Amino acid sequence: MIEETHYYKFIAGEVIVRCTGDKIEKKGKSGVWEDAPNLRWRIVTDDDALIEITEEEALGL
């Protein structure tokens with residue numbers, strides 16, 4: 001089974017977050033995806049600071 005990937009961005013700043021199953025990663029100014037399990041609570045609680053975006057938006061930012 002292939003797990004769907006969801007992309008998010010923070011309202012303020014340029015950090016992009018992607019979530020595939022249990023794996024959570026972030027991409028900031030460096031442009032490199034880094035593990036970010038500490039952001040899980042933001043996704044689980046529907047944190048208002050994160051907005052879901054499309055893959056095209058995430059990869060184009």
# chains A, B, ... in the order shown; residues from 1 in each chain; ligands from 1

$ residues_around --residues "range 35-39 of chain A" --least-positions-apart "2" --cutoff "7 Å" --atoms "only C-alpha atoms" --output "PyMOL selection string"
chain A and resi 24-26+33+41-43

$ residues_around --residues "Ala12 in chain A" --least-positions-apart "5" --cutoff "12 Å" --atoms "only C-alpha atoms" --output "compact mmCIF listing (two decimals) with N, CA, C and O atoms, in the first residue's frame"
# COMPACT_ATOMS: atom_id res chain seq x y z
N ASP A 48 -3.24 25.86 13.75
CA ASP A 48 -3.62 26.94 12.85
C ASP A 48 -2.42 27.58 12.15
O ASP A 48 -2.60 28.33 11.19
N ALA A 49 -1.22 27.35 12.63
CA ALA A 49 -0.03 27.93 12.02
C ALA A 49 0.36 27.21 10.73
O ALA A 49 1.16 27.71 9.96
N LEU A 50 -0.20 26.00 10.50
CA LEU A 50 0.11 25.22 9.31
C LEU A 50 -1.07 25.24 8.34
O LEU A 50 -2.21 25.06 8.75
N ILE A 51 -0.77 25.42 7.07
CA ILE A 51 -1.80 25.40 6.03
C ILE A 51 -1.43 24.29 5.05
O ILE A 51 -0.29 24.22 4.58

$ select_by_dssp --residues "range 19-58 of chain A" --states "helix (DSSP H, G or I)" --output "PDB file with N, CA, C and O atoms, in the first residue's frame"
ATOM      1  N   PRO A  37      10.379  14.947  13.461  1.00  0.00           N
ATOM      2  CA  PRO A  37       9.323  14.288  14.233  1.00  0.00           C
ATOM      3  C   PRO A  37       8.722  15.192  15.307  1.00  0.00           C
ATOM      4  O   PRO A  37       7.591  14.977  15.739  1.00  0.00           O
ATOM      5  N   ASN A  38       9.445  16.248  15.681  1.00  0.00           N
ATOM      6  CA  ASN A  38       8.943  17.180  16.693  1.00  0.00           C
ATOM      7  C   ASN A  38       7.737  17.982  16.194  1.00  0.00           C
ATOM      8  O   ASN A  38       7.029  18.599  16.991  1.00  0.00           O
ATOM      9  N   LEU A  39       7.465  17.970  14.896  1.00  0.00           N
ATOM     10  CA  LEU A  39       6.323  18.708  14.348  1.00  0.00           C
ATOM     11  C   LEU A  39       5.038  17.876  14.307  1.00  0.00           C
ATOM     12  O   LEU A  39       3.992  18.366  13.912  1.00  0.00           O
ATOM     13  N   ARG A  40       5.123  16.622  14.718  1.00  0.00           N
ATOM     14  CA  ARG A  40       3.951  15.732  14.675  1.00  0.00           C
ATOM     15  C   ARG A  40       2.755  16.331  15.416  1.00  0.00           C
ATOM     16  O   ARG A  40       1.633  16.311  14.931  1.00  0.00           O
ATOM     17  N   TRP A  41       2.984  16.925  16.566  1.00  0.00           N
ATOM     18  CA  TRP A  41       1.871  17.471  17.354  1.00  0.00           C
ATOM     19  C   TRP A  41       1.144  18.564  16.590  1.00  0.00           C
ATOM     20  O   TRP A  41      -0.057  18.729  16.728  1.00  0.00           O
ATOM     21  N   ARG A  42       1.859  19.328  15.770  1.00  0.00           N
ATOM     22  CA  ARG A  42       1.212  20.393  14.993  1.00  0.00           C
ATOM     23  C   ARG A  42       0.241  19.809  13.962  1.00  0.00           C
ATOM     24  O   ARG A  42      -0.814  20.362  13.713  1.00  0.00           O
ATOM     25  N   ILE A  43       0.627  18.698  13.368  1.00  0.00           N
ATOM     26  CA  ILE A  43      -0.224  18.070  12.360  1.00  0.00           C
ATOM     27  C   ILE A  43      -1.405  17.377  13.020  1.00  0.00           C
ATOM     28  O   ILE A  43      -2.544  17.512  12.593  1.00  0.00           O
ATOM     29  N   VAL A  44      -1.149  16.645  14.081  1.00  0.00           N
ATOM     30  CA  VAL A  44      -2.195  15.896  14.775  1.00  0.00           C
ATOM     31  C   VAL A  44      -3.263  16.819  15.363  1.00  0.00           C
ATOM     32  O   VAL A  44      -4.449  16.499  15.350  1.00  0.00           O
ATOM     33  N   GLU A  55       1.366  19.594  -3.684  1.00  0.00           N
ATOM     34  CA  GLU A  55       2.745  19.192  -3.924  1.00  0.00           C
ATOM     35  C   GLU A  55       3.438  20.214  -4.837  1.00  0.00           C
ATOM     36  O   GLU A  55       4.602  20.553  -4.617  1.00  0.00           O
ATOM     37  N   GLU A  56       2.727  20.700  -5.829  1.00  0.00           N
ATOM     38  CA  GLU A  56       3.300  21.683  -6.751  1.00  0.00           C
ATOM     39  C   GLU A  56       3.699  22.957  -6.007  1.00  0.00           C
ATOM     40  O   GLU A  56       4.765  23.531  -6.251  1.00  0.00           O
ATOM     41  N   GLU A  57       2.849  23.414  -5.102  1.00  0.00           N
ATOM     42  CA  GLU A  57       3.180  24.600  -4.309  1.00  0.00           C
ATOM     43  C   GLU A  57       4.399  24.338  -3.439  1.00  0.00           C
ATOM     44  O   GLU A  57       5.278  25.186  -3.313  1.00  0.00           O
ATOM     45  N   ALA A  58       4.451  23.162  -2.826  1.00  0.00           N
ATOM     46  CA  ALA A  58       5.546  22.820  -1.918  1.00  0.00           C
ATOM     47  C   ALA A  58       6.879  22.750  -2.660  1.00  0.00           C
ATOM     48  O   ALA A  58       7.886  23.243  -2.173  1.00  0.00           O
TER      49      ALA A  58
END

$ select_by_dssp --residues "chain A" --states "strand (DSSP E or B)" --output "NGL selection string"
:A and (5-10 or 16-20 or 23-27 or 33-35 or 50-53)

$ closest_residue --among "A:Glu34, A:Asp46, A:Lys29, A:Glu52" --to "Thr5 in chain A" --atoms "only C-alpha atoms"
A:Glu52

$ atom_distance --atom1 "CA of Thr54 in chain A" --atom2 "CA of Ser30 in chain A"
20.6 Å

$ residues_around --residues "Thr20 in chain A" --least-positions-apart "2" --cutoff "7 Å" --atoms "only C-alpha atoms" --output "compact mmCIF listing (two decimals) with all heavy atoms, in the first residue's frame"
# COMPACT_ATOMS: atom_id res chain seq x y z
N GLU A 3 1.47 5.08 0.74
CA GLU A 3 0.92 6.11 1.63
C GLU A 3 0.95 7.46 0.94
O GLU A 3 1.92 7.80 0.26
CB GLU A 3 1.73 6.15 2.93
CG GLU A 3 1.59 4.87 3.73
CD GLU A 3 2.39 4.90 5.00
OE1 GLU A 3 3.32 5.71 5.12
OE2 GLU A 3 2.10 4.09 5.89
N GLU A 4 -0.09 8.21 1.12
CA GLU A 4 -0.21 9.54 0.51
C GLU A 4 0.65 10.54 1.27
O GLU A 4 0.76 10.49 2.49
CB GLU A 4 -1.67 9.98 0.55
CG GLU A 4 -1.95 11.23 -0.20
CD GLU A 4 -3.43 11.55 -0.24
OE1 GLU A 4 -4.25 10.70 0.13
OE2 GLU A 4 -3.75 12.66 -0.64
N THR A 5 1.25 11.44 0.53
CA THR A 5 2.06 12.50 1.13
C THR A 5 1.26 13.78 1.17
O THR A 5 0.61 14.16 0.19
CB THR A 5 3.35 12.73 0.32
OG1 THR A 5 4.10 11.51 0.31
CG2 THR A 5 4.20 13.84 0.92
N HIS A 6 1.28 14.45 2.33
CA HIS A 6 0.61 15.73 2.50
C HIS A 6 1.67 16.79 2.74
O HIS A 6 2.67 16.55 3.42
CB HIS A 6 -0.35 15.68 3.71
CG HIS A 6 -1.47 14.74 3.51
ND1 HIS A 6 -2.66 15.11 2.93
CD2 HIS A 6 -1.60 13.43 3.80
CE1 HIS A 6 -3.47 14.08 2.87
NE2 HIS A 6 -2.85 13.04 3.40
N ARG A 18 6.40 18.08 5.08
CA ARG A 18 5.73 17.00 4.36
C ARG A 18 5.58 15.82 5.30
O ARG A 18 6.46 15.52 6.11
CB ARG A 18 6.43 16.66 3.07
CG ARG A 18 7.59 15.74 3.14
CD ARG A 18 8.14 15.43 1.76
NE ARG A 18 9.51 14.95 1.91
CZ ARG A 18 10.37 14.84 0.93
NH1 ARG A 18 10.02 15.16 -0.29
NH2 ARG A 18 11.58 14.40 1.16
N ASP A 22 4.02 7.93 8.97
CA ASP A 22 4.58 8.38 10.25
C ASP A 22 5.82 9.26 10.08
O ASP A 22 6.34 9.78 11.06
CB ASP A 22 4.96 7.17 11.12
CG ASP A 22 3.74 6.44 11.64
OD1 ASP A 22 2.66 7.07 11.74
OD2 ASP A 22 3.86 5.23 11.94
N LYS A 23 6.28 9.41 8.85
CA LYS A 23 7.50 10.19 8.60
C LYS A 23 7.14 11.66 8.36
O LYS A 23 6.35 11.98 7.48
CB LYS A 23 8.25 9.64 7.40
CG LYS A 23 9.58 10.31 7.18
CD LYS A 23 10.37 9.61 6.10
CE LYS A 23 11.75 10.24 6.02
NZ LYS A 23 12.62 9.48 5.14
N ILE A 24 7.75 12.53 9.14
CA ILE A 24 7.53 13.97 9.00
C ILE A 24 8.88 14.63 8.75
O ILE A 24 9.85 14.39 9.46
CB ILE A 24 6.87 14.56 10.26
CG1 ILE A 24 5.51 13.90 10.47
CG2 ILE A 24 6.74 16.07 10.14
CD1 ILE A 24 4.82 14.28 11.73

$ residues_around --residues "Lys27 in chain A" --least-positions-apart "2" --cutoff "6 Å" --atoms "only C-alpha atoms" --output "list in words"
Val15, Ile16, Gly31, Val32 and Trp33 of chain A
